[in-house]
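Next comes protein_39.pdb, with PDB, C-alpha atoms and all ligand atoms.
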ATOM      1  CA  MET X   1      17.510   7.043  -3.804
ATOM      2  CA  THR X   2      18.543   3.415  -3.279
ATOM      3  CA  GLU X   3      18.215   1.184  -0.299
ATOM      4  CA  THR X   4      20.762  -1.485  -1.010
ATOM      5  CA  THR X   5      22.754  -0.834   2.107
ATOM      6  CA  THR X   6      20.345   1.033   4.368
ATOM      7  CA  ASN X   7      18.887  -2.238   5.524
ATOM      8  CA  ASP X   8      18.560  -1.245   9.117
ATOM      9  CA  ASP X   9      17.674   1.830  11.065
ATOM     10  CA  ALA X  10      21.184   1.975  12.495
ATOM     11  CA  ALA X  11      24.596   1.223  11.160
ATOM     12  CA  ARG X  12      26.466  -1.948  12.086
ATOM     13  CA  PRO X  13      28.664  -1.826  15.165
ATOM     14  CA  VAL X  14      32.376  -1.501  14.671
ATOM     15  CA  ALA X  15      34.759  -2.316  17.499
ATOM     16  CA  THR X  16      36.891   0.568  18.684
ATOM     17  CA  ASP X  17      39.929   0.804  20.906
ATOM     18  CA  GLY X  18      38.177   3.076  23.345
ATOM     19  CA  GLY X  19      36.047   2.233  26.367
ATOM     20  CA  ASP X  20      32.742   2.430  24.502
ATOM     21  CA  ASP X  21      32.776  -0.753  22.465
ATOM     22  CA  PRO X  22      29.241  -1.653  21.382
ATOM     23  CA  GLN X  23      30.363  -4.922  19.834
ATOM     24  CA  GLN X  24      31.781  -6.173  23.149
ATOM     25  CA  ALA X  25      28.633  -5.002  24.900
ATOM     26  CA  ILE X  26      26.439  -6.834  22.377
ATOM     27  CA  ASP X  27      28.495 -10.018  22.755
ATOM     28  CA  ALA X  28      28.249  -9.830  26.532
ATOM     29  CA  GLN X  29      24.496  -9.241  26.445
ATOM     30  CA  GLY X  30      24.136 -12.136  23.996
ATOM     31  CA  GLU X  31      25.870 -14.384  26.517
ATOM     32  CA  ARG X  32      23.520 -13.214  29.255
ATOM     33  CA  ARG X  33      20.520 -13.899  27.034
ATOM     34  CA  ARG X  34      21.744 -17.450  26.501
ATOM     35  CA  GLU X  35      22.216 -18.020  30.208
ATOM     36  CA  GLU X  36      19.084 -16.530  31.733
ATOM     37  CA  LEU X  37      15.821 -14.944  30.764
ATOM     38  CA  ASP X  38      15.335 -11.328  31.648
ATOM     39  CA  ASP X  39      12.986 -10.980  34.674
ATOM     40  CA  ARG X  40      11.291  -8.035  33.009
ATOM     41  CA  ILE X  41       9.778 -10.435  30.456
ATOM     42  CA  PHE X  42       7.492 -11.684  33.221
ATOM     43  CA  GLU X  43       7.076  -8.379  35.065
ATOM     44  CA  HIS X  44       5.756  -6.175  32.256
ATOM     45  CA  ASN X  45       3.227  -6.334  29.484
ATOM     46  CA  ALA X  46       3.859  -4.859  26.069
ATOM     47  CA  GLY X  47       2.345  -1.395  26.228
ATOM     48  CA  ASP X  48       3.275  -0.843  29.883
ATOM     49  CA  GLU X  49       5.314   2.205  30.591
ATOM     50  CA  GLN X  50       8.657   1.022  31.906
ATOM     51  CA  GLU X  51      11.860   2.417  33.259
ATOM     52  CA  GLY X  52      14.451   3.302  30.652
ATOM     53  CA  ILE X  53      14.650   4.308  27.028
ATOM     54  CA  PRO X  54      11.660   3.190  24.965
ATOM     55  CA  PHE X  55      12.320   1.935  21.427
ATOM     56  CA  VAL X  56       9.137   3.159  19.835
ATOM     57  CA  GLY X  57       7.628   2.079  16.531
ATOM     58  CA  ALA X  58       6.604   5.208  14.639
ATOM     59  CA  GLY X  59       4.290   3.251  12.370
ATOM     60  CA  PRO X  60       4.403   3.386   8.586
ATOM     61  CA  GLY X  61       4.208   7.151   8.129
ATOM     62  CA  ASN X  62       0.837   8.710   8.796
ATOM     63  CA  PRO X  63       1.102  10.242  12.291
ATOM     64  CA  ARG X  64      -2.384   8.876  13.062
ATOM     65  CA  LEU X  65      -0.925   5.373  12.861
ATOM     66  CA  LEU X  66       1.392   5.972  15.806
ATOM     67  CA  THR X  67       0.200   4.142  18.931
ATOM     68  CA  VAL X  68      -1.205   6.082  21.875
ATOM     69  CA  ALA X  69       1.732   4.859  23.974
ATOM     70  CA  GLY X  70       4.197   6.099  21.365
ATOM     71  CA  LYS X  71       2.508   9.483  21.111
ATOM     72  CA  GLU X  72       2.549   9.983  24.891
ATOM     73  CA  LEU X  73       6.236   9.103  25.083
ATOM     74  CA  LEU X  74       7.145  11.448  22.225
ATOM     75  CA  GLU X  75       5.185  14.303  23.753
ATOM     76  CA  ARG X  76       7.244  13.991  26.940
ATOM     77  CA  ALA X  77      10.597  13.399  25.243
ATOM     78  CA  ASP X  78      13.586  15.700  25.621
ATOM     79  CA  LEU X  79      15.658  13.818  23.045
ATOM     80  CA  VAL X  80      14.290  11.837  20.108
ATOM     81  CA  VAL X  81      16.723   9.795  18.049
ATOM     82  CA  HIS X  82      14.794   8.942  14.896
ATOM     83  CA  ALA X  83      15.247   6.902  11.732
ATOM     84  CA  GLY X  84      15.565   9.834   9.336
ATOM     85  CA  SER X  85      13.532   9.803   6.139
ATOM     86  CA  LEU X  86      11.840   6.543   7.121
ATOM     87  CA  VAL X  87       9.919   8.526   9.754
ATOM     88  CA  ASN X  88       7.439  11.069   8.417
ATOM     89  CA  SER X  89       8.605  14.576   9.362
ATOM     90  CA  GLU X  90       4.948  15.493   9.940
ATOM     91  CA  LEU X  91       4.956  13.091  12.867
ATOM     92  CA  LEU X  92       8.087  14.689  14.311
ATOM     93  CA  GLU X  93       6.597  18.160  13.904
ATOM     94  CA  GLU X  94       3.284  17.145  15.395
ATOM     95  CA  TYR X  95       4.480  15.259  18.453
ATOM     96  CA  CYS X  96       8.039  16.245  19.227
ATOM     97  CA  ALA X  97       8.757  19.724  17.920
ATOM     98  CA  HIS X  98       9.747  20.679  21.486
ATOM     99  CA  ALA X  99      12.431  17.959  21.736
ATOM    100  CA  GLU X 100      15.987  17.764  20.502
ATOM    101  CA  LEU X 101      15.829  15.694  17.311
ATOM    102  CA  VAL X 102      18.735  13.572  16.155
ATOM    103  CA  ASN X 103      18.690  11.679  12.858
ATOM    104  CA  SER X 104      20.341   8.277  13.343
ATOM    105  CA  VAL X 105      21.074   7.759   9.634
ATOM    106  CA  GLY X 106      24.792   7.808   8.977
ATOM    107  CA  LYS X 107      25.662   7.551  12.670
ATOM    108  CA  ASP X 108      27.248   4.423  14.073
ATOM    109  CA  LEU X 109      26.640   2.861  17.445
ATOM    110  CA  GLU X 110      29.798   4.446  18.841
ATOM    111  CA  GLU X 111      28.072   7.782  18.417
ATOM    112  CA  LEU X 112      24.464   6.844  19.131
ATOM    113  CA  ILE X 113      24.953   4.844  22.324
ATOM    114  CA  PRO X 114      26.897   7.490  24.309
ATOM    115  CA  LEU X 115      24.477  10.142  23.058
ATOM    116  CA  MET X 116      21.421   8.272  24.368
ATOM    117  CA  ARG X 117      23.198   7.042  27.520
ATOM    118  CA  ASP X 118      24.494  10.463  28.557
ATOM    119  CA  SER X 119      21.188  12.156  27.942
ATOM    120  CA  TYR X 120      19.345   9.457  29.906
ATOM    121  CA  GLU X 121      21.833   9.663  32.778
ATOM    122  CA  GLU X 122      21.351  13.422  32.892
ATOM    123  CA  GLY X 123      17.717  12.737  33.662
ATOM    124  CA  GLU X 124      16.300  13.472  30.218
ATOM    125  CA  ASN X 125      13.429  11.555  28.643
ATOM    126  CA  VAL X 126      15.020   9.817  25.693
ATOM    127  CA  VAL X 127      13.027   8.101  22.940
ATOM    128  CA  ARG X 128      14.524   6.002  20.172
ATOM    129  CA  LEU X 129      12.068   6.215  17.296
ATOM    130  CA  HIS X 130      12.138   3.510  14.638
ATOM    131  CA  SER X 131      10.005   3.294  11.521
ATOM    132  CA  GLY X 132       7.096   0.866  11.426
ATOM    133  CA  ASP X 133       7.680  -1.654  14.188
ATOM    134  CA  PRO X 134      11.193  -1.746  15.657
ATOM    135  CA  ALA X 135      11.158  -5.544  15.700
ATOM    136  CA  ILE X 136      11.049  -5.826  11.901
ATOM    137  CA  TYR X 137      14.326  -5.059  10.131
ATOM    138  CA  GLY X 138      14.958  -2.421  12.745
ATOM    139  CA  ALA X 139      18.372  -3.282  14.222
ATOM    140  CA  ALA X 140      16.928  -2.225  17.553
ATOM    141  CA  LEU X 141      18.216  -5.065  19.700
ATOM    142  CA  GLU X 142      21.891  -4.274  19.155
ATOM    143  CA  GLN X 143      21.318  -0.717  20.348
ATOM    144  CA  MET X 144      19.291  -1.945  23.312
ATOM    145  CA  ASP X 145      21.939  -4.481  24.266
ATOM    146  CA  ALA X 146      24.677  -1.888  24.045
ATOM    147  CA  LEU X 147      22.664   0.458  26.277
ATOM    148  CA  GLU X 148      21.701  -2.263  28.745
ATOM    149  CA  HIS X 149      25.352  -3.203  29.030
ATOM    150  CA  GLU X 150      25.929   0.348  30.214
ATOM    151  CA  ASP X 151      23.126  -0.041  32.782
ATOM    152  CA  VAL X 152      20.641   1.961  30.769
ATOM    153  CA  PRO X 153      17.366   0.038  30.730
ATOM    154  CA  THR X 154      15.419  -0.150  27.473
ATOM    155  CA  TYR X 155      12.127  -1.566  26.247
ATOM    156  CA  PHE X 156      10.036  -1.949  23.107
ATOM    157  CA  VAL X 157       6.889  -0.034  22.244
ATOM    158  CA  PRO X 158       5.432  -1.727  19.173
ATOM    159  CA  GLY X 159       4.301   0.054  16.036
ATOM    160  CA  VAL X 160       2.328  -0.672  12.892
ATOM    161  CA  THR X 161       4.681  -2.337  10.477
ATOM    162  CA  SER X 162       4.540  -1.190   6.851
ATOM    163  CA  ALA X 163       3.194  -4.546   5.633
ATOM    164  CA  PHE X 164       0.052  -3.853   7.646
ATOM    165  CA  ALA X 165      -0.316  -0.386   6.163
ATOM    166  CA  ALA X 166       0.140  -1.955   2.725
ATOM    167  CA  SER X 167      -2.582  -4.537   3.320
ATOM    168  CA  ALA X 168      -4.922  -1.819   4.595
ATOM    169  CA  THR X 169      -4.246   0.226   1.460
ATOM    170  CA  LEU X 170      -4.885  -2.844  -0.692
ATOM    171  CA  ARG X 171      -8.136  -3.403   1.210
ATOM    172  CA  THR X 172      -7.239  -7.027   1.739
ATOM    173  CA  GLN X 173      -6.030  -9.420   4.407
ATOM    174  CA  LEU X 174      -2.576 -10.902   4.418
ATOM    175  CA  THR X 175      -4.114 -14.169   5.579
ATOM    176  CA  LEU X 176      -7.286 -15.164   3.810
ATOM    177  CA  ASN X 177      -9.234 -18.365   4.096
ATOM    178  CA  GLU X 178      -8.361 -20.809   1.301
ATOM    179  CA  VAL X 179      -6.024 -18.232  -0.287
ATOM    180  CA  SER X 180      -3.231 -17.534   2.157
ATOM    181  CA  ASN X 181      -2.595 -19.375   5.401
ATOM    182  CA  HIS X 182       0.750 -17.812   6.196
ATOM    183  CA  VAL X 183       2.610 -14.518   5.943
ATOM    184  CA  ALA X 184       6.327 -14.161   5.366
ATOM    185  CA  PHE X 185       8.060 -10.944   6.312
ATOM    186  CA  THR X 186      11.113 -11.198   4.160
ATOM    187  CA  ARG X 187      13.760  -9.387   2.163
ATOM    188  CA  PRO X 188      15.705 -10.185  -0.981
ATOM    189  CA  GLN X 189      19.304 -11.253  -1.297
ATOM    190  CA  GLY X 190      21.878  -8.491  -1.341
ATOM    191  CA  LYS X 191      24.499  -7.205   0.972
ATOM    192  CA  THR X 192      22.911  -8.754   4.058
ATOM    193  CA  LEU X 193      21.401 -11.973   2.667
ATOM    194  CA  THR X 194      23.242 -14.445   0.482
ATOM    195  CA  GLU X 195      21.524 -16.128  -2.452
ATOM    196  CA  GLU X 196      20.930 -19.194  -0.263
ATOM    197  CA  GLU X 197      19.336 -17.070   2.454
ATOM    198  CA  ASP X 198      16.846 -15.493   0.037
ATOM    199  CA  HIS X 199      13.710 -17.631   0.483
ATOM    200  CA  ILE X 200      11.244 -15.595  -1.559
ATOM    201  CA  SER X 201      10.996 -18.238  -4.270
ATOM    202  CA  GLU X 202      10.313 -20.922  -1.662
ATOM    203  CA  PHE X 203       7.584 -18.832  -0.016
ATOM    204  CA  VAL X 204       5.925 -18.169  -3.376
ATOM    205  CA  GLY X 205       6.258 -21.853  -4.261
ATOM    206  CA  MET X 206       4.322 -22.828  -1.155
ATOM    207  CA  GLY X 207       1.263 -21.335  -2.809
ATOM    208  CA  ASP X 208      -0.580 -20.250   0.322
ATOM    209  CA  VAL X 209       1.913 -17.710   1.662
ATOM    210  CA  THR X 210       1.666 -13.945   1.280
ATOM    211  CA  SER X 211       5.212 -12.652   0.937
ATOM    212  CA  CYS X 212       5.781  -9.119   2.225
ATOM    213  CA  ILE X 213       9.137  -7.979   0.945
ATOM    214  CA  TYR X 214      10.894  -5.246   2.881
ATOM    215  CA  LEU X 215      13.989  -3.508   1.564
ATOM    216  CA  GLY X 216      13.352  -4.823  -1.914
ATOM    217  CA  THR X 217      12.118  -1.892  -3.995
ATOM    218  CA  HIS X 218      15.407  -1.551  -5.835
ATOM    219  CA  ALA X 219      15.446  -5.297  -6.524
ATOM    220  CA  VAL X 220      11.955  -5.884  -7.914
ATOM    221  CA  ARG X 221      13.214  -6.890 -11.347
ATOM    222  CA  ASP X 222      15.863  -9.263  -9.959
ATOM    223  CA  THR X 223      13.322 -10.795  -7.606
ATOM    224  CA  MET X 224      10.710 -11.306 -10.332
ATOM    225  CA  ASP X 225      13.320 -12.667 -12.755
ATOM    226  CA  ARG X 226      14.339 -15.243 -10.177
ATOM    227  CA  LEU X 227      10.715 -16.241  -9.610
ATOM    228  CA  LEU X 228      10.211 -16.680 -13.361
ATOM    229  CA  GLU X 229      13.445 -18.657 -13.682
ATOM    230  CA  ASP X 230      12.220 -20.916 -10.883
ATOM    231  CA  GLY X 231       9.064 -21.622 -12.884
ATOM    232  CA  HIS X 232       6.508 -19.692 -10.824
ATOM    233  CA  ASP X 233       3.283 -18.599 -12.458
ATOM    234  CA  PRO X 234       3.865 -15.226 -14.160
ATOM    235  CA  GLU X 235       0.229 -14.368 -13.390
ATOM    236  CA  THR X 236       0.825 -14.460  -9.608
ATOM    237  CA  PRO X 237      -0.450 -11.107  -8.284
ATOM    238  CA  VAL X 238       2.047  -8.546  -6.948
ATOM    239  CA  GLY X 239       1.271  -5.246  -5.257
ATOM    240  CA  VAL X 240       3.938  -2.585  -4.721
ATOM    241  CA  ILE X 241       2.897   0.059  -2.244
ATOM    242  CA  TYR X 242       5.215   3.017  -2.173
ATOM    243  CA  HIS X 243       5.154   5.104   1.022
ATOM    244  CA  ALA X 244       2.083   3.360   2.411
ATOM    245  CA  SER X 245       0.012   5.830   4.480
ATOM    246  CA  TRP X 246       2.120   8.862   3.437
ATOM    247  CA  PRO X 247       0.535  11.731   1.486
ATOM    248  CA  ASP X 248       2.410  10.620  -1.651
ATOM    249  CA  GLU X 249       1.455   6.951  -1.282
ATOM    250  CA  ASP X 250       1.311   5.140  -4.619
ATOM    251  CA  VAL X 251      -0.032   1.707  -5.455
ATOM    252  CA  ILE X 252       1.175  -0.363  -8.374
ATOM    253  CA  ILE X 253      -0.627  -3.598  -9.114
ATOM    254  CA  GLY X 254       0.719  -6.194 -11.496
ATOM    255  CA  THR X 255       1.910  -9.743 -11.642
ATOM    256  CA  VAL X 256       5.227 -11.533 -11.331
ATOM    257  CA  GLY X 257       5.472 -11.118 -15.103
ATOM    258  CA  THR X 258       4.577  -7.420 -15.321
ATOM    259  CA  ILE X 259       5.420  -5.630 -12.071
ATOM    260  CA  ALA X 260       9.094  -4.891 -12.753
ATOM    261  CA  ASP X 261       8.340  -2.751 -15.824
ATOM    262  CA  LYS X 262       5.665  -0.874 -13.916
ATOM    263  CA  VAL X 263       7.886  -0.149 -10.911
ATOM    264  CA  GLU X 264      10.746   0.959 -13.149
ATOM    265  CA  GLU X 265       8.407   3.223 -15.055
ATOM    266  CA  ALA X 266       7.283   4.797 -11.779
ATOM    267  CA  GLY X 267      10.940   5.208 -10.813
ATOM    268  CA  TYR X 268      10.762   3.828  -7.274
ATOM    269  CA  ARG X 269      14.029   2.489  -5.865
ATOM    270  CA  ALA X 270      13.197   2.549  -2.126
ATOM    271  CA  SER X 271      10.468   2.874   0.504
ATOM    272  CA  ALA X 272       7.968   0.453  -0.985
ATOM    273  CA  MET X 273       6.420  -2.777   0.253
ATOM    274  CA  VAL X 274       6.318  -5.560  -2.314
ATOM    275  CA  VAL X 275       3.494  -7.994  -1.627
ATOM    276  CA  ILE X 276       3.326 -11.239  -3.591
ATOM    277  CA  GLY X 277       0.467 -13.706  -3.579
ATOM    278  CA  ASP X 278      -3.198 -14.145  -4.314
ATOM    279  CA  ALA X 279      -4.122 -12.191  -1.170
ATOM    280  CA  VAL X 280      -3.033  -9.043  -3.048
ATOM    281  CA  THR X 281      -6.304  -9.045  -4.975
ATOM    282  CA  GLY X 282      -8.321 -10.727  -2.245
ATOM    283  CA  ALA X 283     -10.074 -12.804  -4.901
ATOM    284  CA  GLY X 284     -11.130 -16.403  -4.474
ATOM    285  CA  TYR X 285     -11.349 -16.685  -0.717
ATOM    286  CA  GLU X 286     -13.844 -18.891   1.058
ATOM    287  CA  ARG X 287     -16.116 -17.886   3.869
ATOM    288  CA  SER X 288     -14.348 -18.557   7.159
ATOM    289  CA  PHE X 289     -15.375 -20.978   9.858
ATOM    290  CA  LEU X 290     -15.503 -18.238  12.457
ATOM    291  CA  TYR X 291     -18.971 -16.991  11.586
ATOM    292  CA  GLY X 292     -20.356 -20.382  10.670
ATOM    293  CA  ASP X 293     -21.182 -23.700  12.275
ATOM    294  CA  TRP X 294     -17.624 -24.438  13.219
ATOM    295  CA  ALA X 295     -17.547 -21.914  16.078
ATOM    296  CA  ASN X 296     -20.634 -23.446  17.667
ATOM    297  CA  ARG X 297     -19.397 -26.976  17.143
ATOM    298  CA  GLY X 298     -16.111 -26.024  18.822
ATOM    299  CA  SER X 299     -17.771 -24.763  22.000
ATOM    300  CA  SER X 300     -20.286 -27.578  22.449
ATOM    301  CA  GLY X 301     -18.501 -30.606  21.092
ATOM    302  CA  SER X 302     -14.951 -30.325  22.299
ATOM    303  CA  SER X 303     -13.650 -30.679  25.826
ATOM    304  CA  GLY X 304     -10.297 -29.151  24.896
ATOM    305  CA  GLU X 305      -9.690 -25.458  24.647
ATOM    306  CA  THR X 306      -9.894 -24.113  21.109
ATOM    307  CA  GLU X 307      -8.635 -20.824  19.847
ATOM    308  CA  ALA X 308     -11.188 -18.967  17.745
ATOM    309  CA  SER X 309      -9.717 -17.785  14.485
ATOM    310  CA  ASP X 310     -10.246 -14.271  13.200
ATOM    311  CA  ASP X 311     -10.402 -15.384   9.602
TER     312      ASP X 311
HETATM  313  C1  LIG R 401      14.683  -0.740   7.366
HETATM  314  S1  LIG R 401      13.133  -1.398   6.884
HETATM  315  C2  LIG R 401      12.222  -0.889   8.277
HETATM  316  C3  LIG R 401      10.885  -1.559   8.371
HETATM  317  C4  LIG R 401      10.060  -1.047   9.521
HETATM  318  N1  LIG R 401      10.675  -1.389  10.778
HETATM  319  C5  LIG R 401       8.631  -1.556   9.465
HETATM  320  O1  LIG R 401       8.222  -2.247  10.405
HETATM  321  O2  LIG R 401       7.934  -1.243   8.521
HETATM  322  C6  LIG R 401      12.657  -0.267   5.644
HETATM  323  C7  LIG R 401      11.779  -0.921   4.600
HETATM  324  O3  LIG R 401      10.444  -1.018   5.101
HETATM  325  C8  LIG R 401       9.531  -0.789   4.067
HETATM  326  N2  LIG R 401       8.747   0.400   4.426
HETATM  327  C9  LIG R 401       8.917   1.197   5.481
HETATM  328  N3  LIG R 401       7.961   2.135   5.534
HETATM  329  C10 LIG R 401       7.163   1.912   4.462
HETATM  330  C11 LIG R 401       5.973   2.498   3.970
HETATM  331  N4  LIG R 401       5.391   3.529   4.590
HETATM  332  N5  LIG R 401       5.418   1.994   2.860
HETATM  333  C12 LIG R 401       5.965   0.937   2.234
HETATM  334  N6  LIG R 401       7.069   0.318   2.663
HETATM  335  C13 LIG R 401       7.662   0.796   3.752
HETATM  336  C14 LIG R 401      10.314  -0.578   2.787
HETATM  337  O4  LIG R 401      10.428  -1.827   2.138
HETATM  338  C15 LIG R 401      11.654  -0.133   3.315
HETATM  339  O5  LIG R 401      12.678  -0.471   2.435
END

Can the structure from this file be put into structure tokens for me?
Amino acid sequence: MTETTTNDDAARPVATDGGDDPQQAIDAQGERRREELDDRIFEHNAGDEQEGIPFVGAGPGNPRLLTVAGKELLERADLVVHAGSLVNSELLEEYCAHAELVNSVGKDLEELIPLMRDSYEEGENVVRLHSGDPAIYGAALEQMDALEHEDVPTYFVPGVTSAFAASATLRTQLTLNEVSNHVAFTRPQGKTLTEEEDHISEFVGMGDVTSCIYLGTHAVRDTMDRLLEDGHDPETPVGVIYHASWPDEDVIIGTVGTIADKVEEAGYRASAMVVIGDAVTGAGYERSFLYGDWANRGSSGSSGETEASDD
């Protein structure tokens, strides 16, 4: 199993000679986005049920980590187009055994868009089910734009992204006072990103960033080698969480210097979250301001509005 090219939940659009040309539709929608904001941005809240095809985040795997909104939509669905092995089959069995199930893997937009459009226009409840959260490495927007261009409304229903399942498994926070002030959702160079677009070394170099690497299981050794070449501390903690929240979840803890051997020994080439930074161990953090004097000082001493931190 490798994930070098399966970077997204759907394949890239390819222009065709026929009437259904997702690339033209995407270009046209892109133009519209540049020109005017969609009124629905101001009319609906995330979580509202809306007209159209919902693009639902299935969460990281465990069916219990699907949102209530997602579960309700799946239970009513006639057609569910899902992200194949990235979505736990237990979830499909539990919530949508009654529906027609279509695996999107290996299908291009020319196939997927007419399938969803026709079913929706026939009055069926259609759900597009992505793994984790559709907004993270999900290639959802291009499908939505192609559908919208054909007058099929769409909307997002968020899900728990796998980085959050990984941090829960690690029993840590991705942001941690005095340890990590920022989180980077990132991926390594490869077919999609050039060497210059791979910023993992820069994030690690910042010192107070937790890097959550998607789509990088197959490239752990390359990634760690680059970090070592760039002079980063080989003792920097790294956690690799394979299939976070699935029954066969596995956790490998190491450092920039040791993790590649461990991952290779385990044999994982896909479906893992690689987390780099001191937040992996959760050691060395300082008590936050939230439960100390700072919160009280903020409310009595300042005339401006302050935003209480959760850390
Ligand atoms: C195409 S991306 C989709 C990410 C997804 N949209 C999300 O929010 O988690 C697939 C990558 O997400 C990560 N991933 C997805 N599910 C995972 C899980 N349960 N445990 C660990 N990593 C996971 C892996 O790095 C995998 O290569």

Output of the PyMOL selection byres (((not hetatm)) within 6 of (chain R and resi 401)), listed as a list in words: Asn7, Asp8, Asp9, Pro60, Gly61, Ser131, Gly132, Asp133, Pro134, Ile136, Tyr137, Gly138, Thr161, Ser162, Tyr214, Leu215, Gly216, Ile241, Tyr242, His243, Ala244, Ser245, Ala270, Ser271, Ala272 and Met273 of chain X

Matched chain/residue IDs from the PyMOL selection byres (((chain X and resi 88) around 8) and not hetatm), as a VMD selection string: chain X and resid 61 to 63 85 to 87 89 to 92 246

Matched chain/residue IDs from the PyMOL selection byres (((chain X and resi 172) around 7) and not hetatm), as number ranges by chain: X: 167-168, 170-171, 173-174, 279-280, 282

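Atom pair atom CA of X:Glu122 / atom CA of X:Glu100 has a distance of 14.2 Å (rounded to one decimal).
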
Pick from X:Ser119, X:Thr236, X:Asn177, X:Thr258: nearest to X:Ile53, with only C-alpha atoms counted?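 That would be X:Ser119, the residue with the smallest distance to X:Ile53.
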
Could you state the separation of atom CA of X:Glu72 and atom CA of X:Ala135 in Å, given to one decimal place? 20.0 Å

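The space between atom CA of X:Pro22 and atom CA of X:Glu111 spans 10.0 Å.
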